Each structure stands twice: as structure tokens, then as C-alpha cells.
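Visitor: This is model02.tsv, which holds TSV, C-alpha atoms:
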```
chain	number	residue	atom	x	y	z
A	1	MET	CA	-7.17	-6.97	14.66
A	2	HIS	CA	-4.00	-4.91	14.51
A	3	GLU	CA	-5.37	-2.42	11.99
A	4	MET	CA	-4.76	0.52	14.32
A	5	GLY	CA	-1.06	-0.35	14.51
A	6	ILE	CA	-0.96	-0.66	10.72
A	7	ALA	CA	-2.76	2.67	10.31
A	8	THR	CA	-0.29	4.39	12.65
A	9	GLU	CA	2.61	2.98	10.63
A	10	ILE	CA	1.01	4.16	7.37
A	11	VAL	CA	0.70	7.69	8.74
A	12	ARG	CA	4.32	7.60	9.98
A	13	ILE	CA	5.69	6.46	6.60
A	14	VAL	CA	3.49	8.89	4.64
A	15	VAL	CA	4.54	11.88	6.72
A	16	GLU	CA	8.18	10.77	6.44
A	17	SER	CA	7.83	10.69	2.65
A	18	ILE	CA	6.71	14.31	2.31
A	19	PRO	CA	9.52	16.47	0.86
A	20	ASP	CA	10.67	18.99	3.44
A	21	ASP	CA	10.45	21.90	1.03
A	22	MET	CA	6.70	21.84	1.25
A	23	THR	CA	5.01	24.31	3.51
A	24	ASP	CA	1.77	23.14	5.03
A	25	PRO	CA	1.69	19.91	3.00
A	26	LYS	CA	-1.62	18.18	2.46
A	27	VAL	CA	-1.82	14.54	1.42
A	28	GLU	CA	-4.76	13.98	-0.90
A	29	ARG	CA	-4.38	10.31	-1.64
A	30	ILE	CA	-2.39	7.31	-0.45
A	31	ASN	CA	-2.06	4.36	-2.81
A	32	LEU	CA	-1.78	1.19	-0.78
A	33	LYS	CA	-1.45	-2.39	-2.01
A	34	VAL	CA	-2.87	-5.08	0.26
A	35	GLY	CA	-2.46	-8.76	-0.61
A	36	LYS	CA	-5.46	-11.01	-0.06
A	37	LEU	CA	-3.41	-13.18	2.29
A	38	ALA	CA	-2.43	-10.21	4.46
A	39	ALA	CA	-4.11	-10.25	7.85
A	40	VAL	CA	-5.80	-6.89	7.30
A	41	VAL	CA	-9.47	-5.99	7.01
A	42	SER	CA	-9.76	-3.08	4.57
A	43	GLN	CA	-12.83	-1.53	6.19
A	44	SER	CA	-11.24	-1.59	9.65
A	45	LEU	CA	-8.08	-0.14	8.21
A	46	GLN	CA	-10.02	2.73	6.58
A	47	PHE	CA	-11.68	3.51	9.89
A	48	CYS	CA	-8.43	3.34	11.88
A	49	PHE	CA	-6.61	5.42	9.29
A	50	GLU	CA	-9.12	8.27	9.67
A	51	VAL	CA	-8.43	8.29	13.40
A	52	ALA	CA	-4.64	7.87	13.12
A	53	ALA	CA	-4.32	10.62	10.49
A	54	LYS	CA	-6.01	13.31	12.60
A	55	GLU	CA	-3.90	16.45	13.06
A	56	THR	CA	-1.28	15.21	10.58
A	57	PRO	CA	-0.74	16.23	6.93
A	58	ALA	CA	-2.52	12.97	6.02
A	59	GLU	CA	-5.78	14.01	7.69
A	60	GLY	CA	-8.69	13.60	5.29
A	61	ALA	CA	-6.58	11.80	2.67
A	62	ASP	CA	-8.21	9.17	0.52
A	63	LEU	CA	-6.70	5.82	1.48
A	64	HIS	CA	-6.95	3.94	-1.78
A	65	ILE	CA	-6.55	0.20	-1.21
A	66	GLU	CA	-5.75	-2.02	-4.17
A	67	GLU	CA	-6.32	-5.68	-3.33
A	68	ILE	CA	-3.71	-8.02	-4.76
A	69	ALA	CA	-4.64	-11.57	-5.67
A	70	VAL	CA	-2.70	-14.55	-4.34
A	71	SER	CA	-0.45	-16.14	-6.96
A	72	ALA	CA	2.21	-18.81	-6.90
A	73	SER	CA	4.65	-20.70	-9.09
A	74	CYS	CA	5.45	-24.38	-8.95
A	75	ARG	CA	9.03	-25.29	-8.11
A	76	THR	CA	8.60	-28.66	-9.81
A	77	CYS	CA	7.06	-27.82	-13.20
A	78	GLY	CA	7.31	-24.02	-13.34
A	79	HIS	CA	3.55	-23.48	-13.74
A	80	ARG	CA	2.27	-20.11	-12.53
A	81	TRP	CA	-1.30	-19.56	-11.41
A	82	GLN	CA	-3.65	-17.45	-9.32
A	83	ILE	CA	-4.88	-19.08	-6.12
A	84	ASP	CA	-8.59	-18.44	-5.67
A	85	ASP	CA	-9.43	-21.38	-3.42
A	86	PRO	CA	-7.37	-22.17	-0.33
A	87	VAL	CA	-5.45	-25.01	-1.96
A	88	PHE	CA	-1.72	-24.44	-2.17
A	89	ARG	CA	-0.81	-27.24	-4.55
A	90	CYS	CA	0.12	-27.05	-8.23
A	91	PRO	CA	-3.00	-27.62	-10.37
A	92	GLU	CA	-0.83	-28.95	-13.21
A	93	CYS	CA	1.47	-31.49	-11.56
A	94	ASP	CA	0.04	-31.69	-7.99
A	95	SER	CA	3.40	-30.73	-6.46
A	96	GLY	CA	3.25	-29.18	-3.00
A	97	SER	CA	6.53	-27.38	-3.50
A	98	ILE	CA	5.37	-23.93	-4.50
A	99	GLU	CA	6.67	-20.41	-4.21
A	100	MET	CA	4.32	-17.58	-3.29
A	101	LEU	CA	4.60	-14.72	-5.77
A	102	THR	CA	1.94	-12.27	-4.60
A	103	GLY	CA	-0.73	-11.97	-1.94
A	104	ARG	CA	1.20	-10.83	1.13
A	105	GLU	CA	1.63	-7.20	0.11
A	106	LEU	CA	1.15	-4.42	2.61
A	107	ASP	CA	2.92	-1.70	0.68
A	108	ILE	CA	2.53	2.03	0.32
A	109	GLU	CA	3.11	2.54	-3.39
A	110	SER	CA	2.78	6.32	-3.63
A	111	ILE	CA	1.23	9.39	-2.12
A	112	GLU	CA	-0.33	12.38	-3.84
A	113	LEU	CA	0.07	15.85	-2.38
A	114	ALA	CA	-2.04	18.91	-3.06
A	115	GLY	CA	-0.35	21.77	-4.94
A	116	GLU	CA	1.02	24.60	-2.83
B	1	MET	CA	4.89	14.65	15.20
B	2	PHE	CA	8.13	16.40	14.29
B	3	ASP	CA	10.05	13.14	14.62
B	4	PHE	CA	8.17	11.96	11.56
B	5	TYR	CA	9.77	14.52	9.29
B	6	ARG	CA	12.95	13.62	7.53
B	7	THR	CA	15.29	15.78	5.52
B	8	GLN	CA	14.74	15.28	1.84
B	9	ARG	CA	15.95	17.10	-1.24
B	10	HIS	CA	14.02	19.71	-3.12
B	11	CYS	CA	11.81	18.85	-6.01
B	12	HIS	CA	11.64	21.54	-8.67
B	13	HIS	CA	8.30	21.95	-10.30
B	14	ASP	CA	8.12	21.50	-14.03
B	15	PRO	CA	5.07	23.30	-15.41
B	16	LYS	CA	5.27	21.38	-18.71
B	17	GLY	CA	4.17	18.08	-17.26
B	18	PRO	CA	5.23	15.12	-15.16
B	19	HIS	CA	8.87	14.97	-14.38
B	20	HIS	CA	10.78	12.45	-12.33
B	21	HIS	CA	13.86	12.53	-10.29
B	22	HIS	CA	15.26	10.31	-7.62
B	23	ASP	CA	15.38	11.57	-4.12
B	24	GLY	CA	18.85	10.48	-3.07
B	25	GLU	CA	18.63	8.94	0.39
B	26	ALA	CA	15.00	7.98	0.49
B	27	GLY	CA	15.09	6.57	-3.04
B	28	ALA	CA	11.71	8.17	-3.69
B	29	VAL	CA	10.64	9.29	-7.14
B	30	ILE	CA	8.77	12.55	-7.19
B	31	GLU	CA	6.43	13.40	-10.02
B	32	SER	CA	5.22	16.95	-10.49
B	33	HIS	CA	2.08	17.64	-12.46
B	34	GLY	CA	0.91	20.83	-14.17
B	35	SER	CA	-1.99	21.03	-11.77
B	36	GLY	CA	0.49	21.39	-8.92
B	37	THR	CA	-0.32	17.97	-7.48
B	38	ARG	CA	2.79	16.04	-6.62
B	39	LYS	CA	2.92	12.29	-6.70
B	40	ILE	CA	5.65	10.69	-4.65
B	41	GLN	CA	6.60	7.07	-5.19
B	42	VAL	CA	7.10	5.59	-1.75
B	43	VAL	CA	7.20	1.79	-2.31
B	44	ARG	CA	7.67	0.78	1.32
B	45	ASN	CA	6.24	-2.10	3.24
B	46	VAL	CA	4.09	-0.89	6.11
B	47	LEU	CA	5.70	-3.41	8.46
B	48	ASP	CA	9.30	-2.57	7.57
B	49	ALA	CA	9.91	-0.99	10.99
B	50	ASN	CA	9.05	-4.34	12.62
B	51	LYS	CA	11.16	-6.21	10.07
B	52	MET	CA	14.17	-4.03	10.87
B	53	VAL	CA	13.92	-4.80	14.58
B	54	ALA	CA	13.32	-8.48	13.81
B	55	ASP	CA	16.45	-8.63	11.63
B	56	ARG	CA	18.47	-7.04	14.42
B	57	LEU	CA	17.10	-9.56	16.92
B	58	GLN	CA	17.93	-12.42	14.60
B	59	GLN	CA	21.56	-11.26	14.37
B	60	ARG	CA	21.68	-11.09	18.14
B	61	PHE	CA	20.24	-14.60	18.53
B	62	ASP	CA	22.62	-15.93	15.87
B	63	SER	CA	25.67	-14.39	17.51
B	64	HIS	CA	24.76	-16.22	20.73
B	65	GLY	CA	23.82	-19.45	18.95
B	66	VAL	CA	20.39	-19.29	20.53
B	67	PHE	CA	17.60	-21.09	18.69
B	68	VAL	CA	14.30	-19.21	18.79
B	69	LEU	CA	10.92	-20.86	18.40
B	70	ASN	CA	7.80	-18.78	17.88
B	71	LEU	CA	4.79	-20.84	18.99
B	72	MET	CA	1.41	-19.61	17.80
B	73	SER	CA	-2.18	-20.83	18.02
B	74	SER	CA	-5.68	-19.72	18.93
B	75	PRO	CA	-6.46	-19.25	22.64
B	76	GLY	CA	-6.98	-22.49	24.53
B	77	SER	CA	-5.33	-24.89	22.09
B	78	GLY	CA	-2.80	-25.92	24.74
B	79	LYS	CA	0.37	-23.90	24.11
B	80	THR	CA	1.27	-23.51	27.78
B	81	THR	CA	0.55	-27.13	28.74
B	82	THR	CA	2.56	-28.33	25.74
B	83	LEU	CA	5.46	-26.10	26.74
B	84	VAL	CA	5.39	-27.27	30.37
B	85	ARG	CA	5.69	-30.88	29.18
B	86	SER	CA	8.27	-30.02	26.51
B	87	LEU	CA	10.49	-28.10	28.96
B	88	ALA	CA	10.38	-30.99	31.46
B	89	ASP	CA	11.81	-33.24	28.75
B	90	LEU	CA	14.28	-30.84	27.12
B	91	MET	CA	15.83	-29.52	30.32
B	92	PRO	CA	18.46	-29.64	31.71
B	93	GLU	CA	20.10	-31.13	28.59
B	94	LEU	CA	19.12	-27.97	26.71
B	95	ARG	CA	19.20	-24.61	28.45
B	96	CYS	CA	15.77	-23.08	27.81
B	97	ALA	CA	13.97	-19.80	28.47
B	98	VAL	CA	10.46	-18.66	27.66
B	99	ILE	CA	8.86	-15.37	26.73
B	100	VAL	CA	5.12	-15.62	27.12
B	101	GLY	CA	2.68	-13.07	25.76
B	102	ASP	CA	-0.82	-12.41	26.97
B	103	ILE	CA	-3.00	-9.35	26.91
B	104	CYS	CA	-3.14	-9.53	30.69
B	105	SER	CA	-2.43	-11.78	33.71
B	106	THR	CA	0.65	-13.78	34.72
B	107	HIS	CA	-1.21	-17.09	34.78
B	108	ASP	CA	0.87	-18.72	32.02
B	109	ALA	CA	4.19	-17.46	33.38
B	110	ASP	CA	3.36	-18.92	36.78
B	111	LYS	CA	2.69	-22.33	35.22
B	112	LEU	CA	5.84	-22.21	33.10
B	113	ALA	CA	8.10	-21.00	35.91
B	114	ALA	CA	7.60	-24.35	37.68
B	115	SER	CA	9.84	-25.87	34.97
B	116	GLY	CA	12.78	-23.93	36.39
B	117	ALA	CA	13.35	-22.11	33.09
B	118	PRO	CA	13.63	-18.32	33.17
B	119	VAL	CA	10.24	-16.94	32.12
B	120	VAL	CA	9.39	-13.41	31.06
B	121	GLN	CA	5.71	-12.57	30.94
B	122	ILE	CA	4.68	-9.83	28.55
B	123	ASN	CA	1.31	-8.23	29.03
B	124	THR	CA	0.43	-6.28	25.93
B	125	ASP	CA	-2.12	-4.13	27.72
B	126	GLN	CA	0.93	-1.91	28.33
B	127	PHE	CA	1.35	-1.80	24.55
B	128	GLY	CA	-2.26	-0.95	23.78
B	129	GLY	CA	-3.63	-4.48	24.28
B	130	GLU	CA	-2.05	-5.68	21.09
B	131	CYS	CA	-3.09	-8.99	19.61
B	132	HIS	CA	0.42	-10.17	18.73
B	133	LEU	CA	4.01	-9.85	19.94
B	134	ALA	CA	5.87	-7.35	17.77
B	135	ALA	CA	9.65	-7.47	17.46
B	136	HIS	CA	10.21	-4.40	19.66
B	137	VAL	CA	8.24	-6.08	22.45
B	138	ILE	CA	10.56	-9.10	22.28
B	139	ASP	CA	13.50	-6.72	22.30
B	140	THR	CA	12.22	-5.23	25.56
B	141	ALA	CA	11.59	-8.68	27.08
B	142	LEU	CA	15.18	-9.73	26.34
B	143	SER	CA	16.41	-7.44	29.09
B	144	GLY	CA	15.16	-10.16	31.45
B	145	ILE	CA	16.97	-13.04	29.73
B	146	ASP	CA	20.67	-13.90	29.59
B	147	LEU	CA	21.39	-15.06	26.05
B	148	HIS	CA	24.89	-16.21	26.98
B	149	ASP	CA	23.76	-19.33	28.82
B	150	LEU	CA	20.97	-20.32	26.53
B	151	ASP	CA	20.31	-22.87	23.78
B	152	LEU	CA	16.59	-22.48	23.15
B	153	LEU	CA	14.30	-19.51	23.57
B	154	ILE	CA	10.62	-20.26	23.14
B	155	VAL	CA	8.21	-17.42	22.52
B	156	GLU	CA	4.64	-18.34	23.37
B	157	ASN	CA	2.78	-15.81	21.27
B	158	ILE	CA	-0.60	-14.33	22.08
B	159	GLY	CA	-3.49	-16.70	21.36
B	160	ASN	CA	-4.60	-15.60	17.92
B	161	LEU	CA	-4.46	-17.24	14.49
B	162	VAL	CA	-4.50	-13.94	12.59
B	163	CYS	CA	-2.14	-11.17	13.61
B	164	PRO	CA	0.99	-12.95	14.93
B	165	ALA	CA	1.43	-14.46	11.45
B	166	GLU	CA	2.33	-11.03	10.08
B	167	PHE	CA	5.01	-10.12	12.61
B	168	ASP	CA	8.49	-11.62	12.43
B	169	ILE	CA	10.37	-11.56	15.73
B	170	GLY	CA	13.78	-12.78	14.58
B	171	GLU	CA	12.86	-16.42	15.17
B	172	ASP	CA	14.39	-19.52	13.56
B	173	LEU	CA	11.12	-21.39	13.40
B	174	LYS	CA	7.45	-20.58	13.47
B	175	VAL	CA	5.27	-23.39	14.77
B	176	VAL	CA	1.47	-23.35	14.75
B	177	MET	CA	-0.60	-25.48	17.09
B	178	LEU	CA	-4.14	-26.59	16.33
B	179	SER	CA	-6.12	-28.67	18.79
B	180	VAL	CA	-8.51	-31.30	17.44
B	181	THR	CA	-11.51	-29.66	19.13
B	182	GLU	CA	-11.04	-26.50	17.04
B	183	GLY	CA	-12.08	-28.36	13.90
B	184	GLU	CA	-10.42	-29.13	10.59
B	185	ASP	CA	-11.62	-25.90	8.94
B	186	LYS	CA	-9.12	-23.62	10.72
B	187	PRO	CA	-6.25	-23.87	8.20
B	188	ILE	CA	-8.66	-22.88	5.41
B	189	LYS	CA	-10.01	-19.99	7.46
B	190	TYR	CA	-6.58	-18.75	8.54
B	191	PRO	CA	-4.37	-19.64	5.57
B	192	LEU	CA	-1.64	-17.07	6.25
B	193	MET	CA	-0.81	-18.59	9.63
B	194	PHE	CA	-0.50	-22.08	8.19
B	195	ARG	CA	1.51	-20.80	5.20
B	196	VAL	CA	4.10	-18.88	7.21
B	197	CYS	CA	4.75	-21.62	9.76
B	198	ASP	CA	7.48	-24.25	9.45
B	199	ALA	CA	5.72	-27.01	11.40
B	200	ALA	CA	2.32	-27.76	12.89
B	201	LEU	CA	1.35	-29.46	16.13
B	202	ILE	CA	-2.03	-31.16	16.30
B	203	ASN	CA	-2.84	-31.21	20.01
B	204	LYS	CA	-5.40	-32.91	22.27
B	205	ILE	CA	-5.44	-36.13	20.22
B	206	ASP	CA	-6.58	-37.91	23.41
B	207	LEU	CA	-9.98	-36.29	22.75
B	208	VAL	CA	-10.41	-37.74	19.27
B	209	PRO	CA	-12.60	-40.65	20.48
B	210	TYR	CA	-15.20	-38.11	21.60
B	211	LEU	CA	-15.25	-36.17	18.31
B	212	ASP	CA	-16.69	-36.66	14.85
B	213	LEU	CA	-13.32	-36.20	13.16
B	214	ASP	CA	-9.93	-37.85	13.27
B	215	THR	CA	-6.34	-36.62	13.36
B	216	GLU	CA	-5.78	-37.53	9.72
B	217	THR	CA	-8.59	-35.20	8.57
B	218	ILE	CA	-6.98	-32.31	10.41
B	219	ARG	CA	-3.55	-33.19	9.05
B	220	LYS	CA	-4.91	-33.25	5.48
B	221	SER	CA	-6.53	-29.87	6.01
B	222	ILE	CA	-3.19	-28.39	7.18
B	223	LEU	CA	-1.38	-29.94	4.22
B	224	GLN	CA	-3.88	-28.41	1.82
B	225	ILE	CA	-2.54	-25.01	2.84
B	226	HIS	CA	1.10	-26.04	3.32
B	227	PRO	CA	1.75	-29.39	1.60
B	228	GLU	CA	5.36	-29.78	2.72
B	229	MET	CA	4.94	-28.84	6.37
B	230	PRO	CA	5.99	-31.38	9.03
B	231	THR	CA	3.06	-32.15	11.35
B	232	PHE	CA	3.14	-33.77	14.78
B	233	ALA	CA	0.06	-35.21	16.45
B	234	ILE	CA	0.43	-34.85	20.21
B	235	SER	CA	-1.43	-34.92	23.48
B	236	ALA	CA	-0.03	-32.50	26.05
B	237	LYS	CA	-2.15	-34.33	28.63
B	238	THR	CA	-0.87	-37.89	28.06
B	239	GLY	CA	2.49	-37.14	26.41
B	240	ASP	CA	1.56	-39.05	23.25
B	241	GLY	CA	3.58	-37.95	20.23
B	242	PHE	CA	6.09	-35.89	22.22
B	243	GLU	CA	9.00	-38.14	21.32
B	244	ALA	CA	8.68	-37.31	17.62
B	245	TRP	CA	7.97	-33.61	18.20
B	246	LEU	CA	10.81	-33.06	20.66
B	247	GLY	CA	13.21	-35.24	18.66
B	248	TRP	CA	12.60	-33.00	15.66
B	249	LEU	CA	13.00	-29.81	17.72
B	250	ARG	CA	16.15	-31.05	19.48
B	251	GLU	CA	17.75	-31.78	16.14
B	252	LYS	CA	17.06	-28.19	14.97
B	253	VAL	CA	18.40	-26.64	18.18
B	254	ARG	CA	21.55	-28.80	18.15
B	255	HIS	CA	22.12	-28.00	14.50
B	256	LYS	CA	22.17	-24.27	15.24
B	257	ALA	CA	24.37	-24.69	18.30
B	258	GLY	CA	26.73	-26.81	16.15
B	259	ILE	CA	27.00	-24.12	13.54
B	260	GLN	CA	27.85	-21.70	16.30
B	261	THR	CA	30.75	-23.71	17.72
B	262	ILE	CA	32.43	-24.41	14.36
```
Could you write out this structure as C-alpha cells?

Guide:
Amino acid sequence: MHEMGIATEIVRIVVESIPDDMTDPKVERINLKVGKLAAVVSQSLQFCFEVAAKETPAEGADLHIEEIAVSASCRTCGHRWQIDDPVFRCPECDSGSIEMLTGRELDIESIELAGE
Amino acid sequence: MFDFYRTQRHCHHDPKGPHHHHDGEAGAVIESHGSGTRKIQVVRNVLDANKMVADRLQQRFDSHGVFVLNLMSSPGSGKTTTLVRSLADLMPELRCAVIVGDICSTHDADKLAASGAPVVQINTDQFGGECHLAAHVIDTALSGIDLHDLDLLIVENIGNLVCPAEFDIGEDLKVVMLSVTEGEDKPIKYPLMFRVCDAALINKIDLVPYLDLDTETIRKSILQIHPEMPTFAISAKTGDGFEAWLGWLREKVRHKAGIQTI
């Protein structure tokens, strides 16, 4: 629901990351990691990004979203596993004391700029 | 748009292939390719601007020894009614204030103000009708609250089980409320909210006799997502369960105030 706010932040960070020696920079691709637990709908984000990027160096860039699976480790037995069903309990020892390892990402990994 | 630009160091092109160097202040790695395309490693969380403000707020709350509770739920689960009853019990022993967020109207603030606690109503239609309270919005609302004479600040977030889960506001505790009429499937449908919260309130238990499910089923469903989370079954209408809920909260608030005075 807050994809427009996220898209605006993406554009802000991307534009901030462009080296200032570039004249008329053009961002071709943005590599974004989105965890499956993150409260973001990829399709809405794509749509909002197109709007938010207008009249910026990121206009027309390909927003490449890599979805990251949810994974956890057990604090009791050390088991690590990928969570596919919404059950946050260790499948090995049934402990409820778990640490989330991945799945909440909302990270801009890198951007790719067209050659001058 | 110019505000977006930040001074960074030059990257010299290397026609022989990819080449890395660290960009001092930003910590970015720039890769130049023969084709002229430049790849810049950014590695930044999209919400880091909110996190920065939230961290600053937390320091401010800590320096005043103010305990901050972020209460979240879907619309209509009974946040305001629960707060009205909670404030009546907690005050005047604890000095309380409330920030209440809604997209529009001052309906909730009017109800809460009857408690005598200072109440700041935020209407996010001024912030683009946002579906959550971001840290900078709380920062703005604090201009209406004196942190010096305060023990507990409760933030009644905007009714929504999705977005508020992503936005820290410098709080000590996140509490999610689920009313029995919403059904036991909500934790499974909105796992992030139930994962990030520190406690859950199951409200409207007075309605259980009219439903096809019981409180225990809902509790189990919450624990499936967050097995170690404390849960409190309450009725904001009858006051059932408030002793346990407020006893737990009081203990947390006193603990923080105690740390402050040492």
C-alpha cells in the first residue's frame, strides 16, 4: 500500500548514488532485492517506480526485482531452513526460538548506468 | 531534484575491463566495463531514511525515560476503545500521552482526550494519505507533547496490518491487536506484522459465544507465526483480561523509568 513512498525513496537513493562526474547520466537498470516477508507488492512497485522516476536520470530504467526467500535458524539446535509455509517453528526440534536470516530485504544492491 | 545529488569522487574508466574502487564517503564500489556501462554497488536499504529518524527518536525517548508503545491492528479491531480503558486504569499513576493516526477525522482523538491525557491527532491526508505512521510524522507530532513530564507514550497507528509493520518509529514495543471477529487466519495472511510485534492482544472475547471459533484457536494461530510472543485475551467492552495486559505493560514502563533514574 505504501509502494509509492518506497518508489520515491528508490529514486532518491539511486540519484544520490550517481557519481557527480557524469554528465547527463542515464540509469539503465536498478537491481533491487525484496524479501518475501517485506510488505511490498512487486507489480505495484514497478508501476509506482515508472511514475516516480519521471524526469529523473532513472526514468525508463529497468527495475529488476530479485525476490528473496524467507529463511531462519534455530537458536536451540542450530538448524537452518527455508520457510515456505507460514510456520515459524524449527522443523527439527520444534523450538519456537528462531532467528530470521532472510526475507525482510528491501535493498538496492546496484545500479547500472549507460556509457557517456 | 538537485538536492538528490551528492558529491562523489571520480571514477576513471578502464578500457581493459571491469575495475573496482571504493568511493570514499558513500562506500560505493564502481565497476567500469569496456562497453562504457558503469555498475555502481549501492547496497542500501530503501527504508534507511526512516530508520535514521527512528533511531534519533529512540535516543530522544531514552534520554527522557519515556516508554513508547506502538499499537497496530486492522481498522475496527478496537484500538481506541482499548486505549480509553487502558488510560483510565494507568493514569494518574503513570503519566501518559497518545499520538493517534488516521487518514482523516479527529474522531479517535476526541474519544481519547476524555481520558485527560494529552492527545495529538495525525491525519495522514496531509502526508499523501499514507497507510502508516512514518518516523518523521511522529517527529512532527512530538512538537505537541512535552516529553519531560511523561512516562508512557502510546502511538495508535493507522488501522492496517500491512504497512505499519515495516516502519520503525523509535518505539520500545510493538503490539498487535486482533479481534476475534476478524478470524484466526489473519496471522497467516499478515505474517510480517505478527513477526515484528513483541506482544499480541486478542480483543472482543465477549463476542466468542456468538462465533464458530474460540480464543485458543486464535492464540494458536498467532503462536504459529511468533511462538514466543506473549498474548493477552481481552474485552475492551467488559474489561476482561485487562489486569494481565496492563500489569505486563506497567512492568515494562516502570522498568524503563527505573533504568532512567539509576

Visitor: Quick one: pull the distance between atom CA of A:Cys90 and atom CA of B:Phe194, Å, one decimal.

Guide: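 Distance reported for this atom pair: 17.2 Å.
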
Visitor: Compile the residues of chain A that lie within 8 Å of chain B, evaluated using all atoms listed in the file, and express the compilation as a VMD selection string.

Guide: chain A and resid 1 to 2 6 9 to 10 12 to 13 15 to 21 37 to 39 56 86 to 89 96 to 97 105 to 116

Visitor: List the spatial neighbours of stretch 60-76 of chain B as a ChimeraX atom specification - criterion: any atom at most 8 Å away, only C-alpha atoms, same-chain residues fewer than 2 positions off excluded.

Guide: /B:56-58,78-79,147-148,150-161,164,169-178,253,256-257,259-260

Visitor: Work out where the centre of an axis-aligned box around every listed atom of stretch 144-152 of chain B lies and how long its edges are once 5 Å is added on each side; give both in Å to one decimal as JSON.

Guide:
```
{"center_x": 20.0, "center_y": -16.5, "center_z": 27.3, "size_x": 19.7, "size_y": 22.7, "size_z": 18.3}
```

Visitor: Using all atoms listed in the file and a cutoff of 9 Å, can you tell me which residues are near (2.6, -13.1, 33.5) in the file's coordinates, and write them out as a PyMOL selection string?

Guide: chain B and resi 100-102+104-110+119-123

Visitor: By how many Å are atom CA of B:Asp139 and atom CA of B:Val53 apart?

Guide: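 These atoms are spaced 8.0 Å apart.
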
Visitor: What separation in Å, quoted to one decimal, exists between atom CA of A:Glu66 and atom CA of B:Ala134?

Guide: 25.4 Å

Visitor: What's around A:Ala58 at 10 Å? Count only C-alpha atoms, leave out sequence neighbours fewer than 5 positions away in its own chain, and write the answer as a PDB file with C-alpha atoms, in the coordinates of the input.

Guide:
```pdb
ATOM      1  CA  ILE A  10       1.010   4.160   7.370  1.00  0.00           C
ATOM      2  CA  VAL A  11       0.700   7.690   8.740  1.00  0.00           C
ATOM      3  CA  ARG A  12       4.320   7.600   9.980  1.00  0.00           C
ATOM      4  CA  VAL A  14       3.490   8.890   4.640  1.00  0.00           C
ATOM      5  CA  VAL A  15       4.540  11.880   6.720  1.00  0.00           C
ATOM      6  CA  PRO A  25       1.690  19.910   3.000  1.00  0.00           C
ATOM      7  CA  LYS A  26      -1.620  18.180   2.460  1.00  0.00           C
ATOM      8  CA  VAL A  27      -1.820  14.540   1.420  1.00  0.00           C
ATOM      9  CA  GLU A  28      -4.760  13.980  -0.900  1.00  0.00           C
ATOM     10  CA  ARG A  29      -4.380  10.310  -1.640  1.00  0.00           C
ATOM     11  CA  ILE A  30      -2.390   7.310  -0.450  1.00  0.00           C
ATOM     12  CA  PHE A  49      -6.610   5.420   9.290  1.00  0.00           C
ATOM     13  CA  GLU A  50      -9.120   8.270   9.670  1.00  0.00           C
ATOM     14  CA  ALA A  52      -4.640   7.870  13.120  1.00  0.00           C
ATOM     15  CA  ALA A  53      -4.320  10.620  10.490  1.00  0.00           C
ATOM     16  CA  LEU A  63      -6.700   5.820   1.480  1.00  0.00           C
ATOM     17  CA  ILE A 111       1.230   9.390  -2.120  1.00  0.00           C
ATOM     18  CA  LEU A 113       0.070  15.850  -2.380  1.00  0.00           C
TER      19      LEU A 113
END
```

Visitor: For B:Glu243, which of B:Ser86, B:Thr217, B:Glu182, B:Ile145 is the closest residue, counting only C-alpha atoms?

Guide: B:Ser86

Visitor: Of the candidates A:Gly103, A:Leu32, A:Met22, A:Ile83, which shows the shortest atom-to-atom distance to A:Ile68, using only C-alpha atoms?

Guide: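 Using only C-alpha atoms, the shortest distance to A:Ile68 belongs to A:Gly103.
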
Visitor: When you look at B:Pro209 with a cut-off of 12 Å (counting only C-alpha atoms), what residues show up, excluding the ones that are within fewer than 6 positions of it in the same chain? I need them as a PDB file with C-alpha atoms, in the coordinates of the input.

Guide:
```
ATOM      1  CA  VAL B 180      -8.510 -31.300  17.440  1.00  0.00           C
ATOM      2  CA  THR B 181     -11.510 -29.660  19.130  1.00  0.00           C
ATOM      3  CA  THR B 215      -6.340 -36.620  13.360  1.00  0.00           C
TER       4      THR B 215
END
```

Visitor: Can you pull out every residue within 10 Å of A:Arg80, counting only C-alpha atoms, but drop anything in the same chain fewer than 6 positions away, and send it as a ChimeraX atom specification?

Guide: /A:71-74,90-92,98-101

Visitor: May I ask which of the residues A:Thr76, A:Val40, A:Asp84, A:Asn31 is the closest one to A:Ala61, counting all atoms listed in the file?

Guide: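 Closest residue, counting all atoms listed in the file: A:Asn31.
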
Visitor: I'd like to know which of B:Leu133, B:Ile222, B:Ile205, B:Leu213 is closest to B:Asp240, using all atoms listed in the file.

Guide: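 Residue with the minimum atom-to-atom distance to B:Asp240: B:Ile205.
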